[in-house]
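Structure file work-v8.cif with mmCIF, C-alpha atoms:
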```
data_upload
#
loop_
_atom_site.label_atom_id
_atom_site.label_comp_id
_atom_site.auth_asym_id
_atom_site.auth_seq_id
_atom_site.Cartn_x
_atom_site.Cartn_y
_atom_site.Cartn_z
CA MET A 2 0.00 0.00 0.00
CA VAL A 3 1.22 3.52 -0.76
CA GLU A 4 2.38 5.44 2.31
CA GLY A 5 -0.06 8.35 1.83
CA VAL A 6 -2.96 5.93 1.57
CA THR A 7 -1.77 4.08 4.68
CA ASP A 8 -1.58 7.38 6.60
CA SER A 9 -5.04 8.35 5.33
CA LEU A 10 -6.45 4.97 6.28
CA GLU A 11 -4.96 5.18 9.76
CA ARG A 12 -6.32 8.73 10.16
CA PHE A 13 -9.72 7.45 9.04
CA ARG A 14 -9.58 4.62 11.56
CA LEU A 15 -8.63 7.02 14.35
CA ASP A 16 -11.52 9.34 13.43
CA TYR A 17 -14.12 6.63 12.88
CA ALA A 18 -13.87 4.74 16.17
CA PRO A 19 -14.86 7.69 18.38
CA LEU A 20 -17.52 8.73 15.87
CA LEU A 21 -19.16 5.31 16.08
CA LEU A 22 -18.96 5.28 19.87
CA ARG A 23 -20.49 8.76 20.06
CA HIS A 24 -23.26 7.76 17.67
CA LEU A 25 -24.08 4.66 19.68
CA SER A 26 -24.56 6.78 22.79
CA GLN A 27 -26.32 9.81 21.24
CA ARG A 28 -27.87 8.63 17.95
CA ASP A 29 -28.53 12.07 16.58
CA GLU A 30 -28.45 13.81 13.23
CA ALA A 31 -25.13 15.46 14.08
CA GLY A 32 -23.47 12.05 14.23
CA LEU A 33 -24.92 11.02 10.89
CA GLN A 34 -23.80 14.29 9.30
CA ALA A 35 -20.31 13.82 10.76
CA ALA A 36 -20.23 10.32 9.24
CA TYR A 37 -21.15 11.71 5.82
CA GLN A 38 -18.39 14.33 6.08
CA LEU A 39 -15.88 11.71 7.21
CA GLY A 40 -16.84 9.59 4.21
CA ARG A 41 -16.27 12.55 1.89
CA ARG A 42 -12.88 13.23 3.43
CA ALA A 43 -11.92 9.55 3.19
CA MET A 44 -12.83 9.53 -0.48
CA GLN A 45 -10.87 12.74 -1.10
CA GLU A 46 -7.87 11.18 0.63
CA SER A 47 -8.13 8.04 -1.56
CA VAL A 48 -9.36 5.71 1.15
CA GLY A 49 -11.32 3.09 -0.75
CA LEU A 50 -14.84 1.97 -0.04
CA LEU A 51 -13.70 -1.54 0.88
CA ASP A 52 -11.24 -0.09 3.41
CA VAL A 53 -14.02 2.07 4.87
CA VAL A 54 -16.30 -0.96 5.29
CA ARG A 55 -13.46 -3.05 6.70
CA VAL A 56 -12.66 -0.42 9.32
CA HIS A 57 -16.34 -0.15 10.21
CA ASN A 58 -16.57 -3.94 10.63
CA GLU A 59 -13.44 -4.10 12.78
CA VAL A 60 -14.61 -1.30 15.07
CA PHE A 61 -18.16 -2.67 15.18
CA LEU A 62 -16.92 -6.14 16.19
CA GLU A 63 -14.85 -4.56 18.97
CA VAL A 64 -17.95 -2.73 20.19
CA LEU A 65 -20.00 -5.93 20.14
CA THR A 66 -17.60 -7.52 22.60
CA THR A 67 -18.69 -4.89 25.13
CA VAL A 68 -22.44 -5.49 24.77
CA ARG A 69 -23.65 -7.10 27.96
CA ALA A 70 -27.17 -8.22 27.03
CA LEU A 71 -28.20 -10.15 23.97
CA ASP A 72 -31.22 -7.90 23.40
CA GLU A 73 -28.88 -4.91 23.01
CA VAL A 74 -27.12 -6.49 20.03
CA THR A 75 -29.91 -5.69 17.57
CA ASP A 76 -30.14 -2.10 18.78
CA VAL A 77 -26.37 -1.58 18.51
CA ALA A 78 -26.27 -3.25 15.09
CA LYS A 79 -29.08 -1.02 13.79
CA ALA A 80 -27.39 2.17 15.01
CA ALA A 81 -24.01 1.09 13.58
CA SER A 82 -25.67 0.24 10.27
CA ASP A 83 -27.35 3.65 10.11
CA LEU A 84 -23.99 5.32 10.64
CA LEU A 85 -22.32 3.18 7.96
CA ILE A 86 -25.02 4.06 5.44
CA ASP A 87 -24.43 7.77 5.93
CA LEU A 88 -20.68 7.21 5.86
CA VAL A 89 -20.75 5.53 2.44
CA ALA A 90 -23.40 7.84 0.98
CA SER A 91 -20.67 10.14 -0.34
CA PHE A 92 -19.20 7.25 -2.31
CA GLU A 93 -22.65 6.60 -3.79
CA VAL A 94 -23.03 10.26 -4.78
CA ALA A 95 -19.62 10.23 -6.46
CA GLN A 96 -20.36 7.00 -8.29
CA ARG A 97 -23.69 8.29 -9.58
CA GLY A 98 -22.03 11.48 -10.78
CA PHE A 99 -19.38 9.46 -12.57
CA MET A 100 -21.95 7.19 -14.18
CA ASP A 101 -24.11 10.14 -15.25
CA GLU A 102 -21.05 11.79 -16.80
CA ARG A 103 -20.16 8.57 -18.64
CA ARG A 104 -23.67 8.22 -20.01
CA GLY A 105 -23.60 11.83 -21.17
CA ALA A 106 -20.23 11.36 -22.89
CA ARG A 107 -21.46 8.51 -25.09
CA PRO A 108 -22.16 9.40 -28.74
#
```
What would the structure in this file look like if it were written as structure tokens?
Amino acid sequence: MVEGVTDSLERFRLDYAPLLLRHLSQRDEAGLQAAYQLGRRAMQESVGLLDVVRVHNEVFLEVLTTVRALDEVTDVAKAASDLLIDLVASFEVAQRGFMDERRGARP
């Protein structure tokens, strides 16, 4: 992996873990907006979508080890999923823009 990408990925990881923990405790629009912005920054810094999802899964699995009651698992999973969806939304927007541009460029 290229050093700049590694640094960007590590920065992403360091920013994502506290964001997920905050979202699990507060579950507000501010957390979802912060996830979207973090996704945009990750994309701008060439952190790939698969890396983003991998980091989410790693952090999420760490969080699951702290869940004390089985009935909490579904609630935590739902909140983490909501955050991930907003996080990757910027990748979706970029992909749609790219695909629209490609369709427009065809003769």
Quiz item: Which residue, A:Leu10, A:Val77, A:Val60, A:Ala70, has the smallest gap to Glu46 of chain A when you use all atoms listed in the file?
Solution: A:Leu10
Quiz item: Just how far from atom CA of Arg42 of chain A is atom CA of Leu21 of chain A, in Å to one decimal?
Solution: 16.2 Å
Practice problem: Would you work out the distance separating atom CA of Leu39 of chain A from atom CA of Asp101 of chain A, expressed in Å to one decimal? | Solution: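 Separation between atom CA of Leu39 of chain A and atom CA of Asp101 of chain A: 24.0 Å.
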Quiz item: For the atom pair atom CA of Arg41 of chain A and atom CA of Ser91 of chain A, what is the interatomic distance in Å to one decimal place?
Solution: 5.5 Å
Evaluate the PyMOL selection byres ((chain A and resi 80) around 12) and report residues as a PDB file with C-alpha atoms, in the frame of the given file:
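What follows is the written file result-v5.pdb:
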```pdb
ATOM      1  CA  LEU A  20     -17.520   8.730  15.870  1.00  0.00           C
ATOM      2  CA  LEU A  21     -19.160   5.310  16.080  1.00  0.00           C
ATOM      3  CA  LEU A  22     -18.960   5.280  19.870  1.00  0.00           C
ATOM      4  CA  ARG A  23     -20.490   8.760  20.060  1.00  0.00           C
ATOM      5  CA  HIS A  24     -23.260   7.760  17.670  1.00  0.00           C
ATOM      6  CA  LEU A  25     -24.080   4.660  19.680  1.00  0.00           C
ATOM      7  CA  SER A  26     -24.560   6.780  22.790  1.00  0.00           C
ATOM      8  CA  GLN A  27     -26.320   9.810  21.240  1.00  0.00           C
ATOM      9  CA  ARG A  28     -27.870   8.630  17.950  1.00  0.00           C
ATOM     10  CA  ASP A  29     -28.530  12.070  16.580  1.00  0.00           C
ATOM     11  CA  GLU A  30     -28.450  13.810  13.230  1.00  0.00           C
ATOM     12  CA  GLY A  32     -23.470  12.050  14.230  1.00  0.00           C
ATOM     13  CA  LEU A  33     -24.920  11.020  10.890  1.00  0.00           C
ATOM     14  CA  PHE A  61     -18.160  -2.670  15.180  1.00  0.00           C
ATOM     15  CA  VAL A  64     -17.950  -2.730  20.190  1.00  0.00           C
ATOM     16  CA  GLU A  73     -28.880  -4.910  23.010  1.00  0.00           C
ATOM     17  CA  VAL A  74     -27.120  -6.490  20.030  1.00  0.00           C
ATOM     18  CA  THR A  75     -29.910  -5.690  17.570  1.00  0.00           C
ATOM     19  CA  ASP A  76     -30.140  -2.100  18.780  1.00  0.00           C
ATOM     20  CA  VAL A  77     -26.370  -1.580  18.510  1.00  0.00           C
ATOM     21  CA  ALA A  78     -26.270  -3.250  15.090  1.00  0.00           C
ATOM     22  CA  LYS A  79     -29.080  -1.020  13.790  1.00  0.00           C
ATOM     23  CA  ALA A  81     -24.010   1.090  13.580  1.00  0.00           C
ATOM     24  CA  SER A  82     -25.670   0.240  10.270  1.00  0.00           C
ATOM     25  CA  ASP A  83     -27.350   3.650  10.110  1.00  0.00           C
ATOM     26  CA  LEU A  84     -23.990   5.320  10.640  1.00  0.00           C
ATOM     27  CA  LEU A  85     -22.320   3.180   7.960  1.00  0.00           C
ATOM     28  CA  ILE A  86     -25.020   4.060   5.440  1.00  0.00           C
ATOM     29  CA  ASP A  87     -24.430   7.770   5.930  1.00  0.00           C
TER      30      ASP A  87
END
```
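Distance check against Val94 of chain A using all atoms listed in the file: of A:Ser9, A:Ala35, A:Met44, A:Asp16, the minimum falls on A:Met44.
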Exercise. Have a look at A:Leu71, A:Leu62, A:Val56, A:Ala36 and name the one nearest to Leu88 of chain A; count all atoms listed in the file.
Key: A:Ala36
Taking all atoms of segment 27-30 of chain A that the file lists and extending 8 Å past them on each side, where is the centre of the axis-aligned box and how long are its edges? Answer in Å to one decimal, as lines of an AutoDock Vina configuration file.
```
center_x = -27.4
center_y = 11.2
center_z = 17.2
size_x = 18.2
size_y = 21.2
size_z = 24.0
```
